[in-house]
file upload17.txt (compact mmCIF, C-alpha atoms)
# COMPACT_ATOMS: atom_id res chain seq x y z
CA MET Y 548 29.99 -21.94 2.49
CA ASP Y 549 27.87 -22.46 -0.58
CA VAL Y 550 26.57 -19.12 -1.91
CA ASN Y 551 22.99 -20.34 -2.16
CA ALA Y 552 23.05 -21.61 1.40
CA ALA Y 553 24.39 -18.25 2.57
CA LYS Y 554 21.57 -16.47 0.73
CA MET Y 555 18.93 -18.63 2.39
CA ILE Y 556 20.47 -18.09 5.84
CA GLY Y 557 20.49 -14.34 5.17
CA ALA Y 558 16.83 -14.47 4.13
CA GLY Y 559 16.01 -16.31 7.34
CA LEU Y 560 17.87 -13.71 9.40
CA ALA Y 561 15.95 -10.95 7.58
CA ALA Y 562 12.72 -12.61 8.69
CA ILE Y 563 13.69 -11.83 12.32
CA GLY Y 564 13.36 -8.15 11.39
CA MET Y 565 9.73 -8.69 10.48
CA GLY Y 566 9.05 -10.21 13.88
CA LEU Y 567 10.63 -7.19 15.57
CA ALA Y 568 8.52 -4.85 13.44
CA ALA Y 569 5.48 -6.83 14.59
CA LEU Y 570 6.46 -5.96 18.18
CA GLY Y 571 6.67 -2.30 17.14
CA VAL Y 572 3.26 -2.30 15.46
CA GLY Y 573 1.74 -4.04 18.46
CA ASN Y 574 3.30 -1.44 20.72
CA VAL Y 575 1.83 1.43 18.68
CA PHE Y 576 -1.70 0.07 18.99
CA ALA Y 577 -1.30 -1.02 22.60
CA GLN Y 578 -0.14 2.41 23.72
CA PHE Y 579 -2.90 4.06 21.72
CA LEU Y 580 -5.50 1.83 23.33
CA ALA Y 581 -4.07 2.44 26.80
CA GLY Y 582 -4.23 6.19 26.22
CA ALA Y 583 -7.65 6.04 24.58
CA LEU Y 584 -9.19 4.16 27.51
CA ARG Y 585 -7.94 6.80 29.92
CA ASN Y 586 -9.25 9.70 27.87
CA PRO Y 587 -11.84 8.41 25.38
CA GLY Y 588 -12.86 11.96 24.46
CA ALA Y 589 -9.48 12.72 22.90
CA ALA Y 590 -9.09 9.34 21.17
CA ASP Y 591 -10.89 10.08 17.91
CA SER Y 592 -8.88 13.19 17.14
CA GLN Y 593 -5.61 11.23 17.43
CA GLN Y 594 -6.45 8.51 14.93
CA GLY Y 595 -4.40 10.13 12.18
CA ARG Y 596 -1.32 10.10 14.39
CA LEU Y 597 -2.04 6.47 15.29
CA PHE Y 598 -1.86 5.49 11.64
CA ILE Y 599 1.25 7.60 10.98
CA GLY Y 600 2.99 5.72 13.82
CA PHE Y 601 1.65 2.44 12.48
CA ALA Y 602 2.92 3.24 8.98
CA ALA Y 603 6.40 4.17 10.26
CA ALA Y 604 6.73 0.98 12.34
CA GLU Y 605 5.33 -1.17 9.55
CA LEU Y 606 7.71 0.27 6.95
CA LEU Y 607 10.74 -1.16 8.78
CA GLY Y 608 9.23 -4.64 8.76
CA LEU Y 609 8.45 -4.28 5.08
CA LEU Y 610 12.07 -3.29 4.43
CA ALA Y 611 13.14 -6.56 6.09
CA PHE Y 612 10.68 -8.38 3.84
CA VAL Y 613 12.11 -6.69 0.73
CA THR Y 614 15.61 -7.70 1.81
CA MET Y 615 14.39 -11.28 2.15
CA ILE Y 616 12.65 -11.34 -1.24
CA ILE Y 617 15.70 -9.82 -2.94
CA LEU Y 618 17.95 -12.46 -1.37
CA VAL Y 619 15.70 -15.33 -2.40
CA PHE Y 620 14.52 -14.27 -5.86
CA VAL Y 621 16.87 -11.58 -7.19
CA ALA Y 622 20.41 -11.79 -5.79
CA MET B 672 -3.17 -22.91 -10.29
CA ALA B 673 -1.27 -23.98 -13.38
CA ALA B 674 1.95 -22.71 -11.82
CA GLU B 675 1.88 -25.33 -9.07
CA GLN B 676 2.18 -28.43 -11.23
CA GLY B 677 4.28 -31.20 -9.73
CA GLY B 678 4.17 -29.77 -6.23
CA LYS B 679 6.57 -26.90 -6.99
CA ILE B 680 5.31 -23.66 -5.48
CA ASP B 681 5.90 -20.59 -7.64
CA PRO B 682 4.37 -17.63 -5.77
CA MET B 683 5.96 -14.97 -8.01
CA HIS B 684 4.24 -16.08 -11.22
CA GLN B 685 1.15 -14.02 -10.39
CA PHE B 686 3.15 -10.77 -10.66
CA LEU B 687 4.33 -11.46 -14.22
CA ILE B 688 3.46 -8.64 -16.62
CA GLU B 689 2.58 -9.95 -20.06
CA PRO B 690 0.48 -8.78 -23.03
CA ALA B 691 -3.19 -9.13 -22.11
CA PHE B 692 -4.36 -10.66 -25.38
CA GLY B 693 -1.29 -12.69 -26.27
CA SER B 694 0.42 -10.53 -28.91
CA HIS B 695 3.27 -8.08 -28.46
CA TRP B 696 2.97 -4.68 -30.09
CA ILE B 697 6.46 -3.36 -30.81
CA VAL B 698 6.77 0.30 -31.89
CA GLY B 699 10.22 1.62 -32.77
CA GLY B 700 12.01 -0.90 -30.57
CA TYR B 701 9.75 -0.33 -27.56
CA ASP B 702 7.22 -2.88 -26.35
CA LEU B 703 3.96 -0.94 -26.14
CA SER B 704 1.73 -3.99 -25.65
CA PHE B 705 -1.56 -3.66 -23.80
CA THR B 706 -0.45 -5.62 -20.73
CA ASN B 707 -2.50 -7.33 -18.04
CA SER B 708 -1.40 -4.51 -15.70
CA ALA B 709 -2.94 -1.93 -18.04
CA LEU B 710 -6.05 -4.10 -18.45
CA TRP B 711 -6.64 -4.28 -14.69
CA MET B 712 -6.02 -0.54 -14.34
CA VAL B 713 -8.80 -0.03 -16.88
CA VAL B 714 -11.02 -2.46 -14.93
CA THR B 715 -10.27 -0.48 -11.75
CA LEU B 716 -11.12 2.82 -13.45
CA VAL B 717 -14.36 1.45 -14.92
CA ALA B 718 -15.42 0.11 -11.50
CA LEU B 719 -14.55 3.47 -9.93
CA TRP B 720 -16.48 5.42 -12.56
CA ALA B 721 -19.50 3.13 -12.17
CA PHE B 722 -19.38 3.62 -8.40
CA MET B 723 -19.06 7.40 -8.59
CA ILE B 724 -21.57 8.03 -11.41
CA GLY B 725 -24.11 5.76 -9.70
CA GLY B 726 -23.81 7.83 -6.53
CA MET B 727 -23.60 11.39 -7.89
CA LYS B 728 -27.35 11.89 -8.13
CA ARG B 729 -27.52 15.06 -5.98
CA GLU B 730 -30.86 14.04 -4.54
CA LEU B 731 -32.13 16.02 -1.58
CA VAL B 732 -32.85 12.81 0.34
CA PRO B 733 -29.87 10.59 -0.52
CA GLY B 734 -30.32 6.88 -1.18
CA ARG B 735 -27.94 4.18 0.02
CA TRP B 736 -25.58 4.47 -2.95
CA GLN B 737 -25.32 8.23 -2.71
CA MET B 738 -24.68 7.89 1.02
CA ALA B 739 -21.80 5.49 0.29
CA VAL B 740 -20.16 7.94 -2.15
CA GLU B 741 -20.76 10.89 0.17
CA GLY B 742 -19.26 8.86 3.01
CA PHE B 743 -16.01 8.52 1.06
CA THR B 744 -15.86 12.16 -0.05
CA GLY B 745 -16.70 13.35 3.46
CA PHE B 746 -14.01 11.07 4.87
CA ILE B 747 -11.30 12.52 2.59
CA SER B 748 -12.33 16.16 2.96
CA GLY B 749 -12.48 15.65 6.73
CA MET B 750 -8.98 14.18 6.70
CA LEU B 751 -7.59 17.14 4.74
CA GLU B 752 -9.47 19.59 6.94
CA GLN B 753 -7.91 18.02 10.01
CA ASN B 754 -4.36 17.69 8.69
CA VAL B 755 -3.93 20.73 6.45
CA GLY B 756 -6.61 23.11 7.67
CA PRO B 757 -8.63 25.50 5.52
CA GLY B 758 -5.94 25.48 2.79
CA GLY B 759 -6.51 21.76 2.28
CA LYS B 760 -9.80 22.05 0.37
CA ARG B 761 -7.91 22.57 -2.90
CA PHE B 762 -6.34 19.12 -2.64
CA VAL B 763 -9.53 17.14 -2.01
CA PRO B 764 -9.93 16.08 -5.69
CA TYR B 765 -6.35 14.81 -5.94
CA VAL B 766 -6.25 12.98 -2.60
CA PHE B 767 -9.73 11.55 -3.23
CA SER B 768 -8.73 10.16 -6.65
CA LEU B 769 -5.54 8.74 -5.16
CA PHE B 770 -7.36 7.07 -2.26
CA MET B 771 -10.16 5.62 -4.37
CA PHE B 772 -7.86 4.35 -7.12
CA ILE B 773 -5.57 2.59 -4.64
CA LEU B 774 -8.51 1.21 -2.64
CA PHE B 775 -10.27 -0.15 -5.73
CA ALA B 776 -7.05 -1.55 -7.23
CA ASN B 777 -6.18 -3.32 -3.95
CA ILE B 778 -9.63 -4.83 -3.51
CA ILE B 779 -10.11 -5.82 -7.16
CA GLY B 780 -6.73 -7.59 -7.02
CA LEU B 781 -8.00 -9.65 -4.07
CA LEU B 782 -11.31 -10.71 -5.64
CA PRO B 783 -11.45 -14.38 -6.67
CA PHE B 784 -11.68 -13.87 -10.45
CA GLY B 785 -9.40 -16.91 -10.82
CA ILE B 786 -12.35 -19.30 -10.53
CA VAL B 787 -13.44 -18.20 -14.02
CA PRO B 788 -11.35 -20.29 -16.45
CA GLY B 789 -8.81 -18.25 -18.39
CA VAL B 790 -9.06 -15.15 -16.20
CA HIS B 791 -5.98 -14.23 -14.19
CA PRO B 792 -6.58 -11.44 -11.69
CA PHE B 793 -3.70 -8.99 -11.36
CA THR B 794 -3.01 -6.56 -8.52
CA VAL B 795 -1.96 -3.27 -10.11
CA THR B 796 -0.57 -1.91 -6.84
CA SER B 797 1.80 -4.87 -6.37
CA HIS B 798 4.34 -3.21 -8.67
CA MET B 799 6.77 -0.49 -7.70
CA THR B 800 6.38 1.07 -11.17
CA VAL B 801 2.76 1.93 -10.38
CA THR B 802 3.02 2.85 -6.70
CA GLY B 803 6.31 4.68 -7.30
CA VAL B 804 4.70 6.90 -9.93
CA LEU B 805 1.76 7.63 -7.62
CA ALA B 806 4.24 8.55 -4.85
CA LEU B 807 6.27 10.73 -7.25
CA ILE B 808 3.10 12.60 -8.29
CA SER B 809 2.37 13.30 -4.61
CA PHE B 810 5.97 14.41 -4.05
CA ALA B 811 5.91 16.64 -7.14
CA ILE B 812 2.71 18.32 -5.95
CA VAL B 813 4.31 18.94 -2.54
CA LEU B 814 7.36 20.53 -4.22
CA LEU B 815 5.27 22.63 -6.63
CA VAL B 816 2.95 23.89 -3.89
CA GLY B 817 5.81 24.47 -1.47
CA PHE B 818 8.04 26.45 -3.84
CA GLY B 819 5.07 28.16 -5.51
CA LYS B 820 3.62 29.39 -2.24
CA HIS B 821 6.73 30.15 -0.20
CA GLY B 822 9.51 30.48 -2.81
CA PHE B 823 12.96 29.78 -1.40
CA HIS B 824 11.54 30.27 2.07
CA PHE B 825 10.37 26.66 1.63
CA PHE B 826 13.88 25.58 2.69
CA SER B 827 13.05 26.71 6.23
CA LEU B 828 11.13 23.42 6.38
CA PHE B 829 14.48 21.73 6.92
CA VAL B 830 15.46 23.92 9.89
CA PRO B 831 12.86 23.64 12.68
CA SER B 832 12.42 26.90 14.55
CA GLY B 833 14.46 27.12 17.76
CA THR B 834 17.36 25.02 16.48
CA PRO B 835 20.70 26.13 18.04
CA ALA B 836 22.98 27.69 15.42
CA LEU B 837 25.63 25.04 16.01
CA MET B 838 23.19 22.24 15.14
CA ILE B 839 21.77 23.83 11.97
CA PRO B 840 24.12 22.12 9.43
CA LEU B 841 23.49 18.69 10.97
CA ILE B 842 19.72 19.12 11.36
CA PHE B 843 19.48 20.48 7.81
CA VAL B 844 21.12 17.37 6.37
CA VAL B 845 18.99 15.01 8.49
CA GLU B 846 15.74 16.79 7.63
CA LEU B 847 16.67 16.97 3.95
CA MET B 848 17.35 13.22 3.89
CA SER B 849 14.09 12.41 5.61
CA PHE B 850 12.31 14.67 3.11
CA LEU B 851 13.96 13.14 0.04
CA VAL B 852 13.29 9.55 1.12
CA ARG B 853 9.53 10.21 1.38
CA PRO B 854 8.44 9.27 -2.16
CA PHE B 855 10.52 6.09 -1.91
CA SER B 856 9.05 4.99 1.41
CA LEU B 857 5.53 6.00 0.32
CA GLY B 858 5.65 3.88 -2.85
CA LEU B 859 7.56 1.02 -1.25
CA ARG B 860 5.10 0.61 1.62
CA LEU B 861 2.06 0.06 -0.61
CA PHE B 862 3.91 -2.15 -3.10
CA VAL B 863 5.45 -4.43 -0.46
CA ALA B 864 2.29 -4.73 1.62
CA MET B 865 0.32 -5.92 -1.40
CA THR B 866 3.11 -8.20 -2.70
CA ALA B 867 3.62 -9.84 0.71
CA GLY B 868 -0.07 -10.58 1.15
CA HIS B 869 -0.45 -12.09 -2.29
CA ILE B 870 2.65 -14.27 -1.91
CA LEU B 871 1.30 -15.56 1.42
CA LEU B 872 -2.11 -16.32 -0.11
CA LYS B 873 -0.55 -18.07 -3.08
CA VAL B 874 1.69 -20.25 -0.89
CA LEU B 875 -1.30 -21.28 1.24
CA ALA B 876 -3.34 -21.97 -1.91
CA ALA B 877 -0.54 -24.22 -3.14
CA PHE B 878 -0.61 -26.09 0.21
CA VAL B 879 -4.35 -26.67 -0.27
CA ILE B 880 -3.95 -27.95 -3.85
CA ASN B 881 -0.90 -30.10 -3.12
CA GLY B 882 -2.58 -31.65 -0.07
CA LEU B 883 -5.64 -32.51 -2.17
CA ASN B 884 -3.45 -34.08 -4.85
CA LEU B 885 -1.64 -36.27 -2.32
CA GLY B 886 -4.97 -37.41 -0.87
CA GLY B 887 -5.41 -39.62 2.17
CA MET B 888 -4.49 -38.16 5.54
CA TYR B 889 -2.86 -35.10 3.91
CA ILE B 890 -6.35 -33.69 3.26
CA GLY B 891 -7.09 -33.51 6.97
CA LEU B 892 -3.52 -32.68 8.01
CA VAL B 893 -2.58 -30.05 5.39
CA THR B 894 -5.52 -28.99 3.26
CA ALA B 895 -8.12 -28.29 5.95
CA PRO B 896 -5.95 -26.12 8.27
CA SER B 897 -4.41 -24.29 5.29
CA MET B 898 -7.88 -23.54 3.92
CA LEU B 899 -9.04 -22.18 7.30
CA LEU B 900 -5.90 -20.06 7.64
CA MET B 901 -6.37 -18.81 4.08
CA ILE B 902 -9.89 -17.60 4.84
CA GLY B 903 -8.58 -15.70 7.86
CA ILE B 904 -5.63 -14.22 5.93
CA THR B 905 -7.98 -13.13 3.13
CA LEU B 906 -10.05 -11.16 5.66
CA LEU B 907 -6.83 -9.66 7.05
CA GLU B 908 -5.77 -8.74 3.50
CA LEU B 909 -9.07 -6.92 2.92
CA LEU B 910 -8.28 -4.88 6.05
CA VAL B 911 -4.71 -4.26 4.84
CA ALA B 912 -6.01 -3.17 1.41
CA ALA B 913 -8.15 -0.48 3.09
CA ILE B 914 -5.47 0.54 5.62
CA GLN B 915 -2.76 0.91 2.98
CA ALA B 916 -5.01 3.11 0.83
CA TYR B 917 -5.81 5.17 3.94
CA VAL B 918 -2.15 5.44 4.97
CA PHE B 919 -1.13 6.56 1.47
CA ALA B 920 -3.79 9.28 1.44
CA LEU B 921 -3.02 10.26 5.06
CA LEU B 922 0.74 10.60 4.49
CA THR B 923 0.09 12.57 1.29
CA SER B 924 -2.07 15.00 3.25
CA VAL B 925 0.57 15.23 6.03
CA TYR B 926 3.24 16.06 3.44
CA LEU B 927 0.89 18.60 1.84
CA ASN B 928 0.51 20.18 5.27
CA ASP B 929 4.30 20.74 5.34
CA ALA B 930 4.14 22.39 1.94
CA VAL B 931 1.14 24.62 2.70
CA ASN B 932 1.87 25.67 6.28
CA LEU B 933 5.61 24.97 6.68
CA HIS B 934 6.38 24.11 10.29

call {"tool": "encode", "arguments": {"input": "upload17.txt", "output": "structure tokens"}}
result
Amino acid sequence: MDVNAAKMIGAGLAAIGMGLAALGVGNVFAQFLAGALRNPGAADSQQGRLFIGFAAAELLGLLAFVTMIILVFVA
Amino acid sequence: MAAEQGGKIDPMHQFLIEPAFGSHWIVGGYDLSFTNSALWMVVTLVALWAFMIGGMKRELVPGRWQMAVEGFTGFISGMLEQNVGPGGKRFVPYVFSLFMFILFANIIGLLPFGIVPGVHPFTVTSHMTVTGVLALISFAIVLLVGFGKHGFHFFSLFVPSGTPALMIPLIFVVELMSFLVRPFSLGLRLFVAMTAGHILLKVLAAFVINGLNLGGMYIGLVTAPSMLLMIGITLLELLVAAIQAYVFALLTSVYLNDAVNLH
């Protein structure tokens, strides 16, 4: 296979990782909302943890993005 | 949009670092030019100073501007109070500067200065060199505080209390790895989030321009939906700019909590 074609296919496969990270981020907020609606009094104090979970899930999608950018523009 | 001539989309051109006023300044083999990155850092600092000095009036009945500044300081000191506890007050100046610098740099990079001819806006935080140094400063402060306060007892951070003796070597390595990767992930997150957003905006902007150039039905088919999507993405990017600044400050305060209180 042509090397350039292989790079582009790899970049496309890396994009799947971003979609999966989107599921993760959605899950973080969905679970937070589900918990917050059951006990609204405790919701505000857990916002820091919400964003820590968001940041951890998002980081993995961003790593997939970096892989993609490196394949397209650097490698 | 000079980079999009002939329909070729070049979304990476906006991240090019070049001398701000056209001339290189070489000292002893090193290029010490005043780059556009440095220029926009200065713009960010000036905007930040203007915002802070305008609000630090210490009036008994605060006006709107003072309320805005006090809202930010109260937000950061509340965050440190919640995450670190009483020992966190010492770090309010550092975390506040970090948060405000990142927030202002993110938002100034998004503002449409490009409509003024000859002005090319530049997002300072879209480079790993900048965000990596900010992350390393945070990491260095964690190390200094941790070893200064607890001495070699700081290493107990890597062995959670109640770990079975058999598991200690394994847990130690895992915790050490997750500790050492922190500055990398902290810097990478901010840099990639800003880079990704700006690439997306630039690609959509190129769709708009190319559709206009082709004319005819392309204006309705390509330009109009791209423009609408671009407006939505810009609003999303404003949210991301604030969230990334918040996450950076939040994770810094969580790491500081480890250093001050151990586990």

call {"tool": "closest_atom_pairs", "arguments": {"input": "upload17.txt", "of": "chain Y", "to": "chain B", "cutoff": "7 Å", "atoms": "only C-alpha atoms", "output": "JSON lines"}}
result
{"residue": "Y:Phe598", "atom": "CA", "partner": "B:Val918", "partner_atom": "CA", "distance": 6.7}
{"residue": "Y:Ala602", "atom": "CA", "partner": "B:Val918", "partner_atom": "CA", "distance": 6.8}
{"residue": "Y:Leu606", "atom": "CA", "partner": "B:Arg860", "partner_atom": "CA", "distance": 5.9}
{"residue": "Y:Leu609", "atom": "CA", "partner": "B:Val863", "partner_atom": "CA", "distance": 6.3}

call {"tool": "residues_around", "arguments": {"input": "upload17.txt", "residues": "Phe601 of chain Y", "least_positions_apart": "4", "cutoff": "8 Å", "atoms": "only C-alpha atoms", "output": "VMD selection string"}}
result
chain Y and resid 572 575 to 576 597 605

call {"tool": "write_last_selection", "arguments": {"input": "upload17.txt", "atoms": "C-alpha atoms", "output": "JSON list (two decimals), in the frame of the given file"}}
result
[["chain", "number", "residue", "atom", "x", "y", "z"],
["Y", 572, "VAL", "CA", 3.26, -2.30, 15.46],
["Y", 575, "VAL", "CA", 1.83, 1.43, 18.68],
["Y", 576, "PHE", "CA", -1.70, 0.07, 18.99],
["Y", 597, "LEU", "CA", -2.04, 6.47, 15.29],
["Y", 605, "GLU", "CA", 5.33, -1.17, 9.55]]

call {"tool": "residues_around", "arguments": {"input": "upload17.txt", "residues": "Val804 of chain B", "least_positions_apart": "2", "cutoff": "12 Å", "atoms": "only C-alpha atoms", "output": "PyMOL selection string"}}
result
chain B and resi 769+796+798-802+806-811+854-855+857-859+861-862

call {"tool": "residues_near_point", "arguments": {"input": "upload17.txt", "point": "(-6.7, -2.0, -0.7)", "cutoff": "12 Å", "atoms": "all atoms listed in the file", "output": "PyMOL selection string"}}
result
chain B and resi 715+769-782+794-797+861-862+864-866+868-869+905-920

call {"tool": "closest_residue", "arguments": {"input": "upload17.txt", "among": "B:Ala718, B:Ile680, B:Leu847, B:Val740", "to": "Ala876 of chain B", "atoms": "all atoms listed in the file"}}
result
B:Ile680

call {"tool": "atom_distance", "arguments": {"input": "upload17.txt", "atom1": "atom CA of Val830 of chain B", "atom2": "atom CA of Glu846 of chain B"}}
result
7.5 Å

call {"tool": "atom_distance", "arguments": {"input": "upload17.txt", "atom1": "atom CA of Val613 of chain Y", "atom2": "atom CA of Asp681 of chain B"}}
result
17.4 Å

call {"tool": "atom_distance", "arguments": {"input": "upload17.txt", "atom1": "atom CA of Gly759 of chain B", "atom2": "atom CA of Lys728 of chain B"}}
result
25.3 Å

call {"tool": "closest_residue", "arguments": {"input": "upload17.txt", "among": "B:Leu687, B:Met738, B:Met723, B:Val893", "to": "Ser768 of chain B", "atoms": "only C-alpha atoms"}}
result
B:Met723

call {"tool": "residues_around", "arguments": {"input": "upload17.txt", "residues": "Ala568 of chain Y", "least_positions_apart": "2", "cutoff": "9 Å", "atoms": "all atoms listed in the file", "output": "PyMOL selection string"}}
result
chain Y and resi 563-566+570-573+604-609+611

call {"tool": "residues_around", "arguments": {"input": "upload17.txt", "residues": "Ser704 of chain B", "least_positions_apart": "3", "cutoff": "8 Å", "atoms": "all atoms listed in the file", "output": "list in words"}}
result
Pro690, Ala691, Ser694, His695, Trp696 and Ile697 of chain B

call {"tool": "residues_around", "arguments": {"input": "upload17.txt", "residues": "Ile812 of chain B", "least_positions_apart": "2", "cutoff": "12 Å", "atoms": "all atoms listed in the file", "output": "PyMOL selection string"}}
result
chain B and resi 761-762+765-766+805-810+814-820+854+923-924+926-931

call {"tool": "closest_residue", "arguments": {"input": "upload17.txt", "among": "Y:Ala589, Y:Ile616, Y:Ala603, Y:Ala583", "to": "Ile870 of chain B", "atoms": "only C-alpha atoms"}}
result
Y:Ile616

call {"tool": "axis_aligned_box", "arguments": {"input": "upload17.txt", "around": "segment 563-580 of chain Y", "padding_each_side": "3 Å", "output": "lines of an AutoDock Vina configuration file"}}
result
center_x = 4.1
center_y = -3.9
center_z = 17.1
size_x = 25.2
size_y = 21.9
size_z = 19.2

call {"tool": "residues_near_point", "arguments": {"input": "upload17.txt", "point": "(18.7, -15.5, -8.5)", "cutoff": "12 Å", "atoms": "all atoms listed in the file", "output": "NGL selection string"}}
result
:Y and (550-551 or 554-555 or 616-622)
